[in-house]
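Text of the file query-v4.pdb, holding PDB, C-alpha atoms, pLDDT in the B column:
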ATOM      1  CA  MET A   9      25.983 -18.802  20.798  1.00 87.00           C
ATOM      2  CA  ASN A  10      23.090 -17.598  18.662  1.00 95.00           C
ATOM      3  CA  THR A  11      20.123 -19.753  17.695  1.00 96.00           C
ATOM      4  CA  VAL A  12      18.186 -19.523  14.427  1.00 96.00           C
ATOM      5  CA  HIS A  13      15.133 -21.727  13.885  1.00 95.00           C
ATOM      6  CA  VAL A  14      11.494 -21.781  12.839  1.00 92.00           C
ATOM      7  CA  HIS A  15       9.569 -21.485  16.097  1.00 92.00           C
ATOM      8  CA  PRO A  16       7.315 -24.581  16.293  1.00 89.00           C
ATOM      9  CA  THR A  17       4.310 -22.791  17.800  1.00 90.00           C
ATOM     10  CA  ASP A  18       4.557 -19.253  16.447  1.00 90.00           C
ATOM     11  CA  LYS A  19       5.599 -20.359  12.922  1.00 89.00           C
ATOM     12  CA  ILE A  20       8.118 -17.531  12.629  1.00 93.00           C
ATOM     13  CA  CYS A  21      11.835 -17.498  11.974  1.00 94.00           C
ATOM     14  CA  GLU A  22      13.262 -16.811  15.426  1.00 96.00           C
ATOM     15  CA  ILE A  23      16.792 -15.492  15.877  1.00 95.00           C
ATOM     16  CA  ILE A  24      18.020 -15.486  19.461  1.00 97.00           C
ATOM     17  CA  LEU A  25      21.178 -13.442  19.949  1.00 95.00           C
ATOM     18  CA  GLU A  26      23.062 -14.652  23.005  1.00 96.00           C
ATOM     19  CA  GLY A  27      26.435 -13.690  24.376  1.00 95.00           C
ATOM     20  CA  GLU A  28      29.280 -11.895  22.625  1.00 94.00           C
ATOM     21  CA  GLN A  29      28.647 -10.949  19.000  1.00 92.00           C
ATOM     22  CA  THR A  30      31.842 -11.189  16.985  1.00 91.00           C
ATOM     23  CA  GLU A  31      32.106 -10.651  13.243  1.00 88.00           C
ATOM     24  CA  GLU A  32      32.208 -14.433  12.717  1.00 91.00           C
ATOM     25  CA  VAL A  33      29.209 -15.122  14.954  1.00 92.00           C
ATOM     26  CA  ALA A  34      27.188 -12.368  13.270  1.00 89.00           C
ATOM     27  CA  HIS A  35      28.118 -13.662   9.807  1.00 88.00           C
ATOM     28  CA  GLN A  36      27.033 -17.230  10.653  1.00 93.00           C
ATOM     29  CA  THR A  37      23.785 -15.935  12.136  1.00 92.00           C
ATOM     30  CA  ILE A  38      23.021 -14.064   8.892  1.00 90.00           C
ATOM     31  CA  VAL A  39      23.756 -17.215   6.829  1.00 91.00           C
ATOM     32  CA  ASP A  40      21.430 -19.222   9.080  1.00 94.00           C
ATOM     33  CA  ALA A  41      18.759 -16.494   8.913  1.00 92.00           C
ATOM     34  CA  ILE A  42      18.829 -16.519   5.109  1.00 90.00           C
ATOM     35  CA  ARG A  43      18.203 -20.291   5.186  1.00 92.00           C
ATOM     36  CA  CYS A  44      15.450 -19.919   7.783  1.00 93.00           C
ATOM     37  CA  ASP A  45      13.671 -17.174   5.833  1.00 90.00           C
ATOM     38  CA  ALA A  46      13.952 -19.198   2.596  1.00 90.00           C
ATOM     39  CA  GLU A  47      12.454 -22.252   4.305  1.00 89.00           C
ATOM     40  CA  GLN A  48       9.677 -20.187   5.814  1.00 87.00           C
ATOM     41  CA  THR A  49       8.905 -18.580   2.462  1.00 89.00           C
ATOM     42  CA  ARG A  50       8.756 -22.032   0.870  1.00 87.00           C
ATOM     43  CA  LEU A  51       6.384 -23.338   3.543  1.00 83.00           C
ATOM     44  CA  ASN A  52       4.242 -20.252   4.253  1.00 83.00           C
ATOM     45  CA  GLY A  53       4.676 -17.954   1.272  1.00 89.00           C
ATOM     46  CA  ARG A  54       6.291 -15.213   3.354  1.00 90.00           C
ATOM     47  CA  ALA A  55       9.195 -14.650   5.721  1.00 91.00           C
ATOM     48  CA  ILE A  56       8.403 -13.191   9.124  1.00 94.00           C
ATOM     49  CA  THR A  57      11.232 -12.987  11.634  1.00 94.00           C
ATOM     50  CA  LEU A  58      11.671 -12.210  15.323  1.00 96.00           C
ATOM     51  CA  VAL A  59      15.151 -11.124  16.413  1.00 95.00           C
ATOM     52  CA  ASP A  60      15.444 -11.500  20.185  1.00 97.00           C
ATOM     53  CA  PHE A  61      18.176  -9.330  21.720  1.00 95.00           C
ATOM     54  CA  THR A  62      17.232 -10.201  25.324  1.00 97.00           C
ATOM     55  CA  LYS A  63      20.400 -12.233  26.034  1.00 96.00           C
ATOM     56  CA  ILE A  64      22.841 -10.338  23.824  1.00 94.00           C
ATOM     57  CA  GLY A  65      26.224  -9.587  25.342  1.00 93.00           C
ATOM     58  CA  THR A  66      28.867  -7.292  23.964  1.00 91.00           C
ATOM     59  CA  TYR A  67      29.202  -6.792  20.225  1.00 85.00           C
ATOM     60  CA  GLN A  68      32.109  -5.796  18.065  1.00 83.00           C
ATOM     61  CA  PRO A  69      31.629  -2.920  15.605  1.00 80.00           C
ATOM     62  CA  SER A  70      32.312  -5.363  12.746  1.00 79.00           C
ATOM     63  CA  ALA A  71      29.434  -7.529  14.012  1.00 82.00           C
ATOM     64  CA  MET A  72      27.139  -4.497  13.735  1.00 76.00           C
ATOM     65  CA  GLY A  73      28.282  -4.068  10.139  1.00 77.00           C
ATOM     66  CA  ASN A  74      27.259  -7.663   9.446  1.00 76.00           C
ATOM     67  CA  ILE A  75      23.843  -7.029  10.995  1.00 75.00           C
ATOM     68  CA  VAL A  76      23.322  -4.027   8.700  1.00 74.00           C
ATOM     69  CA  ARG A  77      24.448  -6.044   5.653  1.00 75.00           C
ATOM     70  CA  GLY A  78      22.159  -8.860   6.742  1.00 73.00           C
ATOM     71  CA  LEU A  79      19.145  -6.564   6.882  1.00 72.00           C
ATOM     72  CA  SER A  80      19.857  -5.444   3.332  1.00 72.00           C
ATOM     73  CA  THR A  81      20.467  -9.034   2.133  1.00 71.00           C
ATOM     74  CA  LEU A  82      17.574 -10.882   3.750  1.00 72.00           C
ATOM     75  CA  SER A  83      14.385 -11.097   1.738  1.00 74.00           C
ATOM     76  CA  PHE A  84      11.899 -10.770   4.581  1.00 84.00           C
ATOM     77  CA  ASP A  85       8.335  -9.565   4.749  1.00 90.00           C
ATOM     78  CA  LYS A  86       8.495  -8.401   8.374  1.00 93.00           C
ATOM     79  CA  VAL A  87      11.083  -8.323  11.146  1.00 93.00           C
ATOM     80  CA  ALA A  88      10.255  -7.660  14.797  1.00 96.00           C
ATOM     81  CA  MET A  89      13.223  -6.761  16.980  1.00 95.00           C
ATOM     82  CA  LEU A  90      12.646  -7.687  20.603  1.00 98.00           C
ATOM     83  CA  ASN A  91      14.447  -5.915  23.456  1.00 98.00           C
ATOM     84  CA  ALA A  92      17.087  -4.317  21.236  1.00 94.00           C
ATOM     85  CA  PRO A  93      19.565  -2.269  23.289  1.00 92.00           C
ATOM     86  CA  ALA A  94      19.252   1.501  22.884  1.00 92.00           C
ATOM     87  CA  GLN A  95      22.578   1.722  21.009  1.00 87.00           C
ATOM     88  CA  ILE A  96      21.444  -0.855  18.451  1.00 87.00           C
ATOM     89  CA  LYS A  97      18.052   0.811  18.025  1.00 90.00           C
ATOM     90  CA  ALA A  98      19.757   4.163  17.518  1.00 89.00           C
ATOM     91  CA  ALA A  99      22.122   2.707  14.930  1.00 84.00           C
ATOM     92  CA  LEU A 100      19.615   0.575  13.023  1.00 85.00           C
ATOM     93  CA  GLY A 101      16.607   2.927  13.053  1.00 86.00           C
ATOM     94  CA  PRO A 102      17.969   5.437  10.514  1.00 88.00           C
ATOM     95  CA  ILE A 103      19.413   2.663   8.328  1.00 85.00           C
ATOM     96  CA  ILE A 104      16.064   0.874   8.227  1.00 86.00           C
ATOM     97  CA  GLU A 105      14.405   4.139   7.264  1.00 88.00           C
ATOM     98  CA  LEU A 106      16.968   4.835   4.526  1.00 85.00           C
ATOM     99  CA  MET A 107      16.359   1.337   3.150  1.00 83.00           C
ATOM    100  CA  GLY A 108      12.654   2.170   2.905  1.00 85.00           C
ATOM    101  CA  ARG A 109      11.808  -0.734   5.226  1.00 85.00           C
ATOM    102  CA  SER A 110      10.431   1.127   8.255  1.00 87.00           C
ATOM    103  CA  ASP A 111       6.958  -0.354   7.653  1.00 92.00           C
ATOM    104  CA  HIS A 112       8.485  -3.839   7.695  1.00 91.00           C
ATOM    105  CA  VAL A 113      10.823  -3.610  10.710  1.00 92.00           C
ATOM    106  CA  LYS A 114       9.533  -2.704  14.175  1.00 95.00           C
ATOM    107  CA  PHE A 115      11.060  -2.643  17.650  1.00 96.00           C
ATOM    108  CA  TYR A 116       9.245  -4.227  20.607  1.00 98.00           C
ATOM    109  CA  THR A 117       9.720  -4.896  24.303  1.00 98.00           C
ATOM    110  CA  ASP A 118       6.809  -7.373  24.501  1.00 98.00           C
ATOM    111  CA  ARG A 119       7.095 -10.731  22.706  1.00 97.00           C
ATOM    112  CA  THR A 120       3.327 -11.258  22.395  1.00 97.00           C
ATOM    113  CA  ALA A 121       2.894  -7.866  20.725  1.00 98.00           C
ATOM    114  CA  ALA A 122       5.841  -8.546  18.391  1.00 98.00           C
ATOM    115  CA  VAL A 123       4.508 -11.935  17.284  1.00 97.00           C
ATOM    116  CA  GLY A 124       1.007 -10.455  16.886  1.00 97.00           C
ATOM    117  CA  TRP A 125       2.350  -7.751  14.578  1.00 97.00           C
ATOM    118  CA  LEU A 126       4.310 -10.316  12.566  1.00 95.00           C
ATOM    119  CA  HIS A 127       1.152 -12.356  11.953  1.00 94.00           C
ATOM    120  CA  ALA A 128      -1.105  -9.345  11.279  1.00 94.00           C
ATOM    121  CA  SER A 129      -2.187  -8.990   7.670  1.00 78.00           C
ATOM    122  CA  GLU A 130      -0.779  -6.101   5.720  1.00 53.00           C
TER     123      GLU A 130
END
Turn this file's structure into structure tokens for me.
Amino acid sequence: MNTVHVHPTDKICEIILEGEQTEEVAHQTIVDAIRCDAEQTRLNGRAITLVDFTKIGTYQPSAMGNIVRGLSTLSFDKVAMLNAPAQIKAALGPIIELMGRSDHVKFYTDRTAAVGWLHASE
């Protein structure tokens, strides 16, 4: 079960992907992320998001399609992807570049560094 919330200390939209990622689970996570980013934008004037892949399980190809659609739908300022599996990095990297968002989406293995980048001024 995935969790989407505004982190109380870091003041970021935090998406924790946990367990099997089906098309339905991925879709609901995107819906929740849109709400979280909208709330964060309302409160802080910008949407900064951490997607934590640390506890992700298996994922269906259709779930990956929802993740790609979500990246193109979300109106975010920055997204840090934490501990993304190599297959997901390989799939998302070129798509992020094609979307022209490579300056706004970064991959990290260290949470402190990811949150620091999210809060850094552009």
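Picture a line from CA of Ile64 (chain A) to CA of Asp40 (chain A); it runs 17.3 Å.
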In Å and to one decimal, CA of Tyr67 (chain A) is distant from CA of Cys21 (chain A) by 22.0 Å
Among A:Ser80, A:Pro69, A:Ile23, A:Ala92, Arg109 (chain A) is approached most closely, using all atoms listed in the file, by A:Ser80
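The list of residues with at least one atom within 8 Å of region 98-105 of chain A, based on only C-alpha atoms and without residues fewer than 5 positions apart in the same chain, reads Val76, Ser110 and Val113 of chain A.
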Apply the PyMOL selection byres ((chain A and resi 29-39) around 9) to the file shown and report the selected residues as a ChimeraX atom specification.
/A:9-12,23,25-28,40-44,64-75,77-79,81-82
Create the file for the chosen residues now, containing C-alpha atoms and written as a CSV table (one decimal), in the coordinates of the input.
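Resulting contents of selection05.csv:
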chain,number,residue,atom,x,y,z
A,9,MET,CA,26.0,-18.8,20.8
A,10,ASN,CA,23.1,-17.6,18.7
A,11,THR,CA,20.1,-19.8,17.7
A,12,VAL,CA,18.2,-19.5,14.4
A,23,ILE,CA,16.8,-15.5,15.9
A,25,LEU,CA,21.2,-13.4,19.9
A,26,GLU,CA,23.1,-14.7,23.0
A,27,GLY,CA,26.4,-13.7,24.4
A,28,GLU,CA,29.3,-11.9,22.6
A,40,ASP,CA,21.4,-19.2,9.1
A,41,ALA,CA,18.8,-16.5,8.9
A,42,ILE,CA,18.8,-16.5,5.1
A,43,ARG,CA,18.2,-20.3,5.2
A,44,CYS,CA,15.4,-19.9,7.8
A,64,ILE,CA,22.8,-10.3,23.8
A,65,GLY,CA,26.2,-9.6,25.3
A,66,THR,CA,28.9,-7.3,24.0
A,67,TYR,CA,29.2,-6.8,20.2
A,68,GLN,CA,32.1,-5.8,18.1
A,69,PRO,CA,31.6,-2.9,15.6
A,70,SER,CA,32.3,-5.4,12.7
A,71,ALA,CA,29.4,-7.5,14.0
A,72,MET,CA,27.1,-4.5,13.7
A,73,GLY,CA,28.3,-4.1,10.1
A,74,ASN,CA,27.3,-7.7,9.4
A,75,ILE,CA,23.8,-7.0,11.0
A,77,ARG,CA,24.4,-6.0,5.7
A,78,GLY,CA,22.2,-8.9,6.7
A,79,LEU,CA,19.1,-6.6,6.9
A,81,THR,CA,20.5,-9.0,2.1
A,82,LEU,CA,17.6,-10.9,3.8
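The coordinates place CA of His127 (chain A) at 14.7 Å from CA of Asp45 (chain A).
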